[in-house]
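A.B. asks: First the structure, then my questions, so here it is.
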Amino acid sequence: FGVVEGGSVVYVERVRAGLTRLGVDIRIGSGIPAGINVLGQAILAFLPAADLDQVLALQGSQSGYPAVSRTRLLKQLKNVQAEGFAASASQVSAGLNVLAVPILDEGAYPIGAISVASPSVICPLAEMQQLALQKLRGAASDLAKVMQISGSNRVG
């Protein structure tokens with residue numbers, strides 16, 4: 001589970017399932033540039049244009065991560081918004097597929113996103129979508145309801 005803060009996606013919860021180690025050292029509180037992160041793309045695709053511009057301006061080029069072409073990213077985000085989810089090979093960890101869906105508030109504003117990841121040799125992306133997408137969407141919907149009931153909401 002992650003949220004956008006500044007130009008990054010910050011992980012606020014992480015659950016490791018199964019015995020397979022993914023070779024990823026993402027800890028709670030870790031931040032990764034939103035544009036190169038599948039979880040971040042699930043959020044960015046649903047932001048209003050002004051908010052998206054603000055996040056992308058803050059993202060800049062963070063050292064240690066690949067640069068993001070704004071034109072290419074905007075095209076990807078358009079596809080993510082049309083499909084309602086983001087799915088691709090990780091740009092951060094080689095050999096890892098990631099599937100992410102946004103958590104939307106009652107006004108369809110993305111307050112966060114959740115994702116699942118798997119080594120590509122174990123579960124190709126198409127198979128991952130077939131096996132996990134509906135469950136992931138259901139979990140995102142449930143989280144949105146819980147956050148609304150608890151009073152957790154976007155700021156601003």
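Within each chain, counting starts at residue 1; across the structure tokens, chains are named A, B, ... in the order shown, with ligands numbered 1 upward in that order.
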Using DSSP on the backbone, list every residue of range 74-120 of chain A that comes out as strand (DSSP E or B), and give them as a count of residues only.
C.D. replies: 23
A.B. asks: Which residues are near Ser8 in chain A? Cut-off 7 Å, only C-alpha atoms, ignore same chain within fewer than 6 positions. Put them as a ChimeraX atom specification.
C.D. replies: /A:31-34,59
A.B. asks: Counting only C-alpha atoms, figure out which residue out of A:Thr71, A:Ser90, A:Gln148, A:Ser141 gets nearest to Ala113 in chain A.
C.D. replies: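 Distance minimum relative to Ala113 in chain A lands on A:Ser141.
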A.B. asks: Go through A:Gly107, A:Gly35, A:Gly112, A:Gly40 one by one, measure the shortest atom-to-atom distance of each to Leu74 in chain A using only C-alpha atoms, and give the residue with the smallest value.
C.D. replies: A:Gly35
A.B. asks: From the options A:Val38, A:Val4, A:Ala87, A:Ile114, which residue's atoms come nearest to Leu56 in chain A, counting only C-alpha atoms?
C.D. replies: A:Val4
A.B. asks: Compile the contact shell of Ser118 in chain A as a compact mmCIF listing (two decimals) with N, CA and C atoms, in the first residue's frame: residues with an atom at most 8 Å away, counting only C-alpha atoms, same-chain residues fewer than 3 positions apart removed.
C.D. replies:
# COMPACT_ATOMS: atom_id res chain seq x y z
N LEU A 22 11.57 -11.72 -3.28
CA LEU A 22 11.51 -11.00 -4.54
C LEU A 22 12.80 -10.26 -4.88
N LEU A 96 10.88 -8.68 -12.20
CA LEU A 96 9.71 -8.61 -11.33
C LEU A 96 8.55 -7.99 -12.08
N ASN A 97 7.39 -8.64 -12.03
CA ASN A 97 6.16 -8.08 -12.60
C ASN A 97 5.33 -7.49 -11.46
N VAL A 98 4.68 -6.37 -11.75
CA VAL A 98 3.88 -5.69 -10.75
C VAL A 98 2.52 -5.35 -11.33
N ILE A 122 8.09 -16.94 -12.62
CA ILE A 122 7.08 -17.74 -11.92
C ILE A 122 5.68 -17.43 -12.43
N CYS A 123 5.43 -16.13 -12.69
CA CYS A 123 4.09 -15.73 -13.11
C CYS A 123 4.18 -14.61 -14.15
A.B. asks: Could you jot down the CA of Asp105 in chain A to CA of Ala50 in chain A separation for me, Å, one decimal place?
C.D. replies: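 Interatomic distance, CA of Asp105 in chain A to CA of Ala50 in chain A: 17.9 Å.
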A.B. asks: Out of A:Ala140, A:Ala108, A:Leu58, A:Leu77, which residue has the shortest atom-to-atom distance to Ala45 in chain A when counting only C-alpha atoms?
C.D. replies: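 Once distances to Ala45 in chain A are computed over only C-alpha atoms, the minimum belongs to A:Leu77.
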A.B. asks: Quick one: of A:Pro102, A:Gly138, A:Gly84, A:Pro119, who's nearest to Val3 in chain A, counting only C-alpha atoms?
C.D. replies: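 Ranking A:Pro102, A:Gly138, A:Gly84, A:Pro119 by distance to Val3 in chain A, first place goes to A:Pro102.
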A.B. asks: For a quick check of understanding, using only C-alpha atoms, which of A:Asp53, A:Asn79, A:Ala100, A:Pro124 has the smallest distance to Ala139 in chain A?
C.D. replies: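 The closest residue to Ala139 in chain A is A:Ala100.
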A.B. asks: One decimal, Å: what's the distance from CA of Ala42 in chain A over to CA of Ala57 in chain A, could you say?
C.D. replies: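 It comes out at 17.9 Å.
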A.B. asks: What does the structure give for the distance between CA of Arg70 in chain A and CA of Leu44 in chain A, in Å to one decimal?
C.D. replies: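 Computing the Euclidean distance for CA of Arg70 in chain A and CA of Leu44 in chain A yields 12.3 Å.
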